[in-house]
file entry.cif (mmCIF, C-alpha atoms and all ligand atoms)
data_protein
loop_
_atom_site.label_atom_id
_atom_site.label_comp_id
_atom_site.auth_asym_id
_atom_site.auth_seq_id
_atom_site.Cartn_x
_atom_site.Cartn_y
_atom_site.Cartn_z
CA MET O 1 10.12 131.05 16.16
CA SER O 2 11.91 133.68 14.09
CA VAL O 3 10.68 137.26 13.76
CA HIS O 4 10.82 136.73 10.01
CA SER O 5 8.51 133.78 9.44
CA ASP O 6 5.11 135.12 10.50
CA ILE O 7 5.50 138.73 9.45
CA LYS O 8 3.15 139.86 6.67
CA LYS O 9 4.95 143.12 5.92
CA ILE O 10 8.56 143.96 6.73
CA THR O 11 9.01 147.42 8.23
CA THR O 12 12.01 149.22 9.68
CA HIS O 13 10.71 148.20 13.13
CA VAL O 14 10.70 144.53 12.13
CA LEU O 15 14.36 144.86 11.10
CA GLN O 16 15.15 146.43 14.47
CA ASN O 17 13.45 143.48 16.21
CA MET O 18 15.46 141.06 14.09
CA LYS O 19 18.68 142.66 15.32
CA PHE O 20 17.38 142.57 18.88
CA ASN O 21 16.54 138.85 18.56
CA GLY O 22 19.79 137.98 16.77
CA GLU O 23 18.00 137.01 13.56
CA LYS O 24 20.01 137.80 10.43
CA ILE O 25 18.49 140.12 7.80
CA SER O 26 18.50 139.01 4.14
CA MET O 27 18.69 141.67 1.44
CA LEU O 28 19.14 141.54 -2.36
CA THR O 29 18.89 144.05 -5.17
CA ALA O 30 16.15 144.14 -7.80
CA TYR O 31 15.44 146.63 -10.56
CA ASP O 32 12.38 145.22 -12.34
CA TYR O 33 8.91 143.80 -11.73
CA SER O 34 9.47 140.15 -12.71
CA LEU O 35 12.55 139.46 -10.59
CA ALA O 36 11.22 141.53 -7.67
CA ARG O 37 8.09 139.32 -7.72
CA ILE O 38 10.22 136.17 -7.39
CA LEU O 39 12.34 137.74 -4.62
CA ASP O 40 9.25 138.72 -2.67
CA GLN O 41 7.80 135.21 -3.02
CA SER O 42 11.08 133.78 -1.70
CA GLY O 43 10.64 135.58 1.61
CA ILE O 44 13.56 138.02 1.30
CA ASP O 45 13.44 140.69 4.01
CA VAL O 46 14.68 143.76 2.12
CA ILE O 47 14.80 144.56 -1.60
CA LEU O 48 17.24 147.27 -2.53
CA VAL O 49 16.68 149.14 -5.77
CA GLY O 50 20.39 149.83 -5.95
CA ASP O 51 22.07 152.39 -8.13
CA SER O 52 24.08 149.35 -9.26
CA ALA O 53 21.28 149.39 -11.86
CA SER O 54 23.61 151.86 -13.56
CA ASN O 55 26.09 149.00 -14.18
CA VAL O 56 23.79 145.98 -14.29
CA MET O 57 20.81 147.38 -16.20
CA ALA O 58 22.24 150.26 -18.20
CA GLY O 59 25.82 149.02 -18.81
CA PHE O 60 27.58 152.11 -17.46
CA GLU O 61 31.04 151.62 -15.95
CA THR O 62 30.18 153.34 -12.67
CA THR O 63 27.06 154.18 -10.66
CA LEU O 64 27.48 157.90 -11.35
CA PRO O 65 25.48 158.34 -14.58
CA ILE O 66 22.15 156.90 -13.40
CA THR O 67 19.54 159.63 -12.97
CA LEU O 68 16.72 160.19 -10.50
CA ASP O 69 14.17 159.52 -13.28
CA MET O 70 15.86 156.20 -14.11
CA MET O 71 15.90 155.17 -10.43
CA ILE O 72 12.22 156.11 -10.12
CA TYR O 73 11.39 153.96 -13.15
CA HIS O 74 13.21 150.94 -11.66
CA ALA O 75 11.84 151.48 -8.15
CA SER O 76 8.22 151.88 -9.21
CA SER O 77 8.48 148.65 -11.25
CA VAL O 78 9.83 146.83 -8.17
CA VAL O 79 7.23 148.26 -5.78
CA ARG O 80 4.39 147.06 -8.04
CA ALA O 81 5.69 143.50 -7.56
CA VAL O 82 6.20 143.49 -3.80
CA ASP O 83 3.73 142.69 -1.04
CA ARG O 84 6.00 141.78 1.87
CA ALA O 85 9.61 142.92 1.62
CA LEU O 86 10.80 146.37 2.66
CA VAL O 87 11.74 148.27 -0.52
CA VAL O 88 14.68 150.66 -0.16
CA VAL O 89 15.77 152.93 -3.03
CA ASP O 90 19.26 154.30 -3.60
CA MET O 91 19.42 158.06 -4.05
CA PRO O 92 21.58 158.51 -7.15
CA PHE O 93 24.77 160.56 -7.36
CA GLY O 94 24.13 164.30 -7.50
CA THR O 95 20.70 164.26 -5.87
CA TYR O 96 21.68 164.76 -2.22
CA GLN O 97 25.36 165.64 -1.76
CA GLY O 98 26.09 169.15 -0.52
CA ASN O 99 22.51 170.40 -0.71
CA SER O 100 20.00 169.23 1.86
CA LYS O 101 17.04 170.99 0.19
CA LEU O 102 17.76 169.16 -3.05
CA ALA O 103 18.17 165.96 -1.00
CA LEU O 104 14.71 166.39 0.50
CA SER O 105 13.03 167.13 -2.83
CA SER O 106 14.79 164.12 -4.44
CA ALA O 107 13.72 161.84 -1.58
CA ILE O 108 10.15 163.13 -1.74
CA ARG O 109 10.03 162.39 -5.49
CA ILE O 110 11.25 158.84 -4.82
CA MET O 111 8.65 158.24 -2.11
CA LYS O 112 5.75 159.86 -4.00
CA GLU O 113 6.45 158.42 -7.44
CA THR O 114 7.52 154.89 -6.48
CA GLY O 115 5.68 153.94 -3.30
CA ALA O 116 8.91 152.65 -1.74
CA SER O 117 9.42 152.63 2.03
CA ALA O 118 12.91 154.14 2.49
CA VAL O 119 15.91 155.69 0.76
CA LYS O 120 19.64 154.90 0.99
CA LEU O 121 22.43 157.48 0.87
CA GLU O 122 26.20 156.99 0.71
CA GLY O 123 28.48 158.78 3.17
CA GLY O 124 28.79 159.91 6.79
CA SER O 125 29.42 163.35 8.28
CA GLU O 126 29.56 164.94 4.79
CA ILE O 127 25.88 164.16 4.12
CA VAL O 128 24.42 164.30 7.63
CA GLU O 129 22.53 167.53 6.96
CA SER O 130 20.78 165.86 4.02
CA VAL O 131 19.96 162.83 6.19
CA GLN O 132 18.50 165.11 8.87
CA ARG O 133 16.30 166.98 6.42
CA ILE O 134 15.02 163.82 4.75
CA LEU O 135 14.23 162.31 8.16
CA SER O 136 12.37 165.48 9.14
CA ALA O 137 9.86 164.68 6.40
CA GLY O 138 9.24 161.25 7.90
CA ILE O 139 11.23 159.37 5.27
CA PRO O 140 13.27 156.46 6.69
CA VAL O 141 16.99 156.57 5.78
CA MET O 142 19.47 153.73 5.38
CA GLY O 143 23.16 154.72 5.45
CA HIS O 144 26.00 153.27 3.36
CA LEU O 145 29.64 153.37 4.55
CA GLY O 146 32.95 151.74 3.65
CA LEU O 147 33.32 151.34 -0.09
CA THR O 148 30.88 153.91 -1.46
CA PRO O 149 30.84 153.46 -5.25
CA GLN O 150 29.53 156.98 -5.91
CA SER O 151 32.93 158.26 -4.64
CA ILE O 152 34.97 155.99 -6.92
CA HIS O 153 36.80 158.95 -8.48
CA LYS O 154 37.96 160.04 -5.01
CA PHE O 155 39.15 156.52 -4.02
CA GLY O 156 40.51 155.63 -7.46
CA THR O 157 39.89 151.87 -6.97
CA TYR O 158 37.35 149.38 -5.61
CA VAL O 159 39.81 147.81 -3.13
CA VAL O 160 38.94 147.00 0.51
CA ARG O 161 38.30 150.19 2.53
CA ALA O 162 39.20 151.19 6.10
CA LYS O 163 42.21 148.91 6.56
CA GLU O 164 44.14 151.77 8.16
CA ASP O 165 43.27 153.04 11.66
CA GLU O 166 42.37 156.57 10.59
CA GLU O 167 39.78 155.46 8.01
CA ALA O 168 38.46 152.76 10.37
CA GLU O 169 37.94 155.35 13.13
CA LYS O 170 36.14 157.68 10.72
CA LEU O 171 33.90 154.80 9.67
CA ILE O 172 33.00 154.05 13.30
CA SER O 173 32.29 157.70 14.08
CA ASP O 174 30.22 158.09 10.88
CA ALA O 175 28.20 155.01 11.81
CA CYS O 176 27.52 156.44 15.30
CA LEU O 177 26.58 159.79 13.77
CA LEU O 178 24.13 158.18 11.34
CA GLN O 179 22.53 156.25 14.21
CA GLU O 180 22.26 159.40 16.38
CA THR O 181 20.75 161.30 13.44
CA GLY O 182 18.07 158.64 13.06
CA ALA O 183 19.10 156.25 10.27
CA PHE O 184 17.29 152.91 10.71
CA ALA O 185 20.12 150.72 9.32
CA ILE O 186 23.51 151.00 7.63
CA VAL O 187 25.05 149.04 4.75
CA ILE O 188 28.80 148.56 5.21
CA GLU O 189 30.64 147.57 2.04
CA LYS O 190 34.01 145.87 1.58
CA VAL O 191 35.79 146.50 4.89
CA PRO O 192 37.69 144.09 7.18
CA ALA O 193 35.33 141.68 8.98
CA GLN O 194 36.66 142.68 12.41
CA LEU O 195 35.83 146.34 11.83
CA ALA O 196 32.30 145.54 10.64
CA GLN O 197 31.81 143.31 13.68
CA LYS O 198 32.93 146.14 15.98
CA VAL O 199 30.39 148.50 14.40
CA ALA O 200 27.58 145.92 14.57
CA GLU O 201 28.31 145.29 18.25
CA LYS O 202 28.55 149.00 19.09
CA LEU O 203 25.39 150.14 17.30
CA LYS O 204 21.77 149.41 18.14
CA ILE O 205 20.55 149.70 14.54
CA PRO O 206 21.09 146.82 12.05
CA ILE O 207 24.37 146.72 10.13
CA ILE O 208 24.04 144.97 6.78
CA GLY O 209 27.29 143.84 5.20
CA ILE O 210 28.52 143.26 1.67
CA GLY O 211 32.08 141.99 1.71
CA ALA O 212 32.14 142.82 5.42
CA GLY O 213 32.24 139.33 6.94
CA ALA O 214 29.79 137.22 8.90
CA PHE O 215 29.56 139.11 12.20
CA VAL O 216 27.07 141.76 11.15
CA ASP O 217 23.27 141.80 11.36
CA GLY O 218 22.51 140.91 7.75
CA GLN O 219 23.90 140.45 4.26
CA VAL O 220 23.24 142.06 0.89
CA LEU O 221 24.36 141.03 -2.60
CA VAL O 222 23.59 142.23 -6.10
CA LEU O 223 21.04 139.72 -7.45
CA HIS O 224 22.56 139.53 -10.94
CA ASP O 225 25.97 138.73 -9.44
CA MET O 226 24.78 135.97 -7.09
CA LEU O 227 22.69 134.37 -9.85
CA GLY O 228 25.64 134.42 -12.26
CA ILE O 229 23.91 136.64 -14.82
CA THR O 230 26.80 139.09 -14.69
CA GLN O 231 30.12 137.43 -15.43
CA GLU O 232 32.84 140.08 -15.33
CA PHE O 233 32.49 140.88 -11.62
CA SER O 234 34.14 138.32 -9.30
CA PRO O 235 35.22 139.76 -5.96
CA ARG O 236 36.21 137.36 -3.16
CA PHE O 237 33.06 138.13 -1.15
CA LEU O 238 30.69 137.07 -3.93
CA ARG O 239 29.10 133.63 -3.63
CA ARG O 240 27.54 132.55 -6.94
CA TYR O 241 24.43 130.49 -6.28
CA HIS O 242 23.79 129.82 -9.95
CA ASN O 243 25.31 130.19 -13.39
CA LEU O 244 22.29 131.68 -15.10
CA SER O 245 24.22 133.28 -17.97
CA GLU O 246 25.31 129.77 -19.01
CA GLU O 247 21.76 128.44 -18.79
CA ILE O 248 20.31 131.39 -20.71
CA LEU O 249 22.95 130.91 -23.40
CA ILE O 250 22.07 127.22 -23.78
CA ALA O 251 18.34 127.97 -23.96
CA VAL O 252 18.70 130.76 -26.50
CA LYS O 253 21.06 128.69 -28.69
CA GLN O 254 18.52 125.86 -28.67
CA TYR O 255 15.76 128.30 -29.67
CA ILE O 256 17.87 129.58 -32.59
CA THR O 257 18.51 126.01 -33.74
CA ASP O 258 14.81 125.14 -33.47
CA VAL O 259 13.80 128.21 -35.50
CA LYS O 260 16.41 127.55 -38.18
CA ASN O 261 15.44 123.85 -38.42
CA GLN O 262 11.73 124.67 -38.40
CA ASP O 263 11.28 122.62 -35.20
CA PHE O 264 9.61 125.60 -33.58
CA PRO O 265 6.69 126.11 -33.54
CA ASN O 266 5.29 122.59 -33.83
CA GLU O 267 1.66 121.65 -34.47
CA LYS O 268 0.63 122.07 -30.83
CA GLU O 269 2.23 125.48 -30.66
CA GLN O 270 0.09 127.07 -33.35
CA TYR O 271 -3.60 127.98 -33.93
O1 LIG N 1 23.72 149.75 -5.47
C1 LIG N 1 23.80 148.68 -4.86
O2 LIG N 1 23.48 147.60 -5.38
C2 LIG N 1 24.29 148.72 -3.49
C3 LIG N 1 24.62 147.42 -2.84
C4 LIG N 1 25.87 146.89 -3.39
C5 LIG N 1 24.66 147.53 -1.37
O3 LIG N 1 24.43 149.77 -2.93
#

call {"tool": "encode", "arguments": {"input": "entry.cif", "output": "structure tokens"}}
result
Amino acid sequence: MSVHSDIKKITTHVLQNMKFNGEKISMLTAYDYSLARILDQSGIDVILVGDSASNVMAGFETTLPITLDMMIYHASSVVRAVDRALVVVDMPFGTYQGNSKLALSSAIRIMKETGASAVKLEGGSEIVESVQRILSAGIPVMGHLGLTPQSIHKFGTYVVRAKEDEEAEKLISDACLLQETGAFAIVIEKVPAQLAQKVAEKLKIPIIGIGAGAFVDGQVLVLHDMLGITQEFSPRFLRRYHNLSEEILIAVKQYITDVKNQDFPNEKEQY
């Protein structure tokens, strides 16, 4: 019997038990009520209100422009839809870096105004003071290491991170530091599978990978990418489970034809 199947509400403790029992954690993004409702009904363990909403929802090129108010709008819409999954909200760029008091007040706003269960922050030693202060208020923190899209202007590209020893060692020490500080889980993005495996084996808290191979404690993808709603983004790690953009296109074209030909509405579709 899996930990997952008879749990009514996923908490950070449930995720810890899943790691302990070797049961993989499933996580997807959502930014709105309707899709979050479907995800929750599917039995997903964790819903991430990712700052990828900046790209997917708002059409920005990076995750940097999305604001705290925008994240709170998305997160509160998601929380209203969810009964079972753990809802984690990304803290947007500029709301926690280099200022732990600001980090705490941003995290408190997210928790108070959305009803979510945890926040996610990108970075390691550079943001540990912010992580500490947020944790001191009883707010669970998920870390995010490897490719951290909020630092895109520092990296310059979205290529695989931590291929060289020095960066790989920093990633391992950052992961240990986040665990020691009290983070309940860490997302590791786009790093060699062997490195992610090493971190997952070394740490007691769950490691959730995206483009980090199979030997971690769980997987996360951006919902719109795996459903094929977004089309431009095609990294090697992405498995497309559907081609929804194609299906939406067909449906909408049919609707246009029906309207133009006066096939819609028919007699049964009117009062
Ligand atoms: O913002 C996001 O969607 C994320 C995932 C890619 C992990 O951080």

call {"tool": "closest_residue", "arguments": {"input": "entry.cif", "among": "O:Pro65, O:Gly94, O:Gly211, O:Gly182", "to": "Ile139 of chain O", "atoms": "all atoms listed in the file"}}
result
O:Gly182

call {"tool": "residues_near_ligand", "arguments": {"input": "entry.cif", "ligand": "ligand LIG 1 (chain N)", "cutoff": "9 Å", "atoms": "all atoms listed in the file", "output": "PyMOL selection string"}}
result
chain O and resi 27-30+48-54+63+89-90+120-122+144+148-149+187-189+208-210+220-223

call {"tool": "closest_residue", "arguments": {"input": "entry.cif", "among": "O:Val128, O:Ile250, O:Leu195, O:Lys204", "to": "Asp165 of chain O", "atoms": "all atoms listed in the file"}}
result
O:Leu195

call {"tool": "closest_residue", "arguments": {"input": "entry.cif", "among": "O:Phe60, O:Phe20, O:Tyr31, O:Tyr96", "to": "Arg80 of chain O", "atoms": "all atoms listed in the file"}}
result
O:Tyr31

call {"tool": "atom_distance", "arguments": {"input": "entry.cif", "atom1": "atom CA of Ala118 of chain O", "atom2": "atom CA of Val88 of chain O"}}
result
4.7 Å

call {"tool": "closest_residue", "arguments": {"input": "entry.cif", "among": "O:Asp263, O:Glu129, O:Ile47, O:Lys198", "to": "Ala214 of chain O", "atoms": "only C-alpha atoms"}}
result
O:Lys198

call {"tool": "atom_distance", "arguments": {"input": "entry.cif", "atom1": "atom CA of Ile25 of chain O", "atom2": "atom CA of Val216 of chain O"}}
result
9.4 Å

call {"tool": "closest_residue", "arguments": {"input": "entry.cif", "among": "O:Ile186, O:Met91, O:Val131, O:Ile110", "to": "Gln150 of chain O", "atoms": "all atoms listed in the file"}}
result
O:Met91

call {"tool": "decode", "arguments": {"input": "entry.cif", "residues": "segment 192-220 of chain O", "atoms": "C-alpha atoms", "output": "compact mmCIF listing (two decimals), in the first residue's frame"}}
result
# COMPACT_ATOMS: atom_id res chain seq x y z
CA PRO O 192 23.29 15.86 -14.71
CA ALA O 193 21.29 12.85 -13.47
CA GLN O 194 24.27 11.47 -11.53
CA LEU O 195 24.64 14.67 -9.53
CA ALA O 196 20.93 14.79 -8.68
CA GLN O 197 21.09 11.14 -7.62
CA LYS O 198 24.03 11.90 -5.33
CA VAL O 199 22.09 14.73 -3.67
CA ALA O 200 18.94 12.61 -3.29
CA GLU O 201 20.95 9.80 -1.68
CA LYS O 202 22.85 12.16 0.64
CA LEU O 203 19.86 14.16 1.89
CA LYS O 204 17.00 13.06 4.12
CA ILE O 205 14.50 15.55 2.66
CA PRO O 206 12.81 14.87 -0.72
CA ILE O 207 14.61 16.01 -3.87
CA ILE O 208 12.22 16.76 -6.72
CA GLY O 209 13.78 16.89 -10.17
CA ILE O 210 13.01 18.65 -13.42
CA GLY O 211 15.50 17.65 -16.09
CA ALA O 212 17.50 15.96 -13.33
CA GLY O 213 17.01 12.30 -14.23
CA ALA O 214 15.12 9.41 -12.66
CA PHE O 215 17.07 8.81 -9.45
CA VAL O 216 15.51 11.52 -7.33
CA ASP O 217 12.49 11.41 -5.00
CA GLY O 218 9.95 12.98 -7.33
CA GLN O 219 9.37 14.83 -10.59
CA VAL O 220 7.90 18.20 -11.52
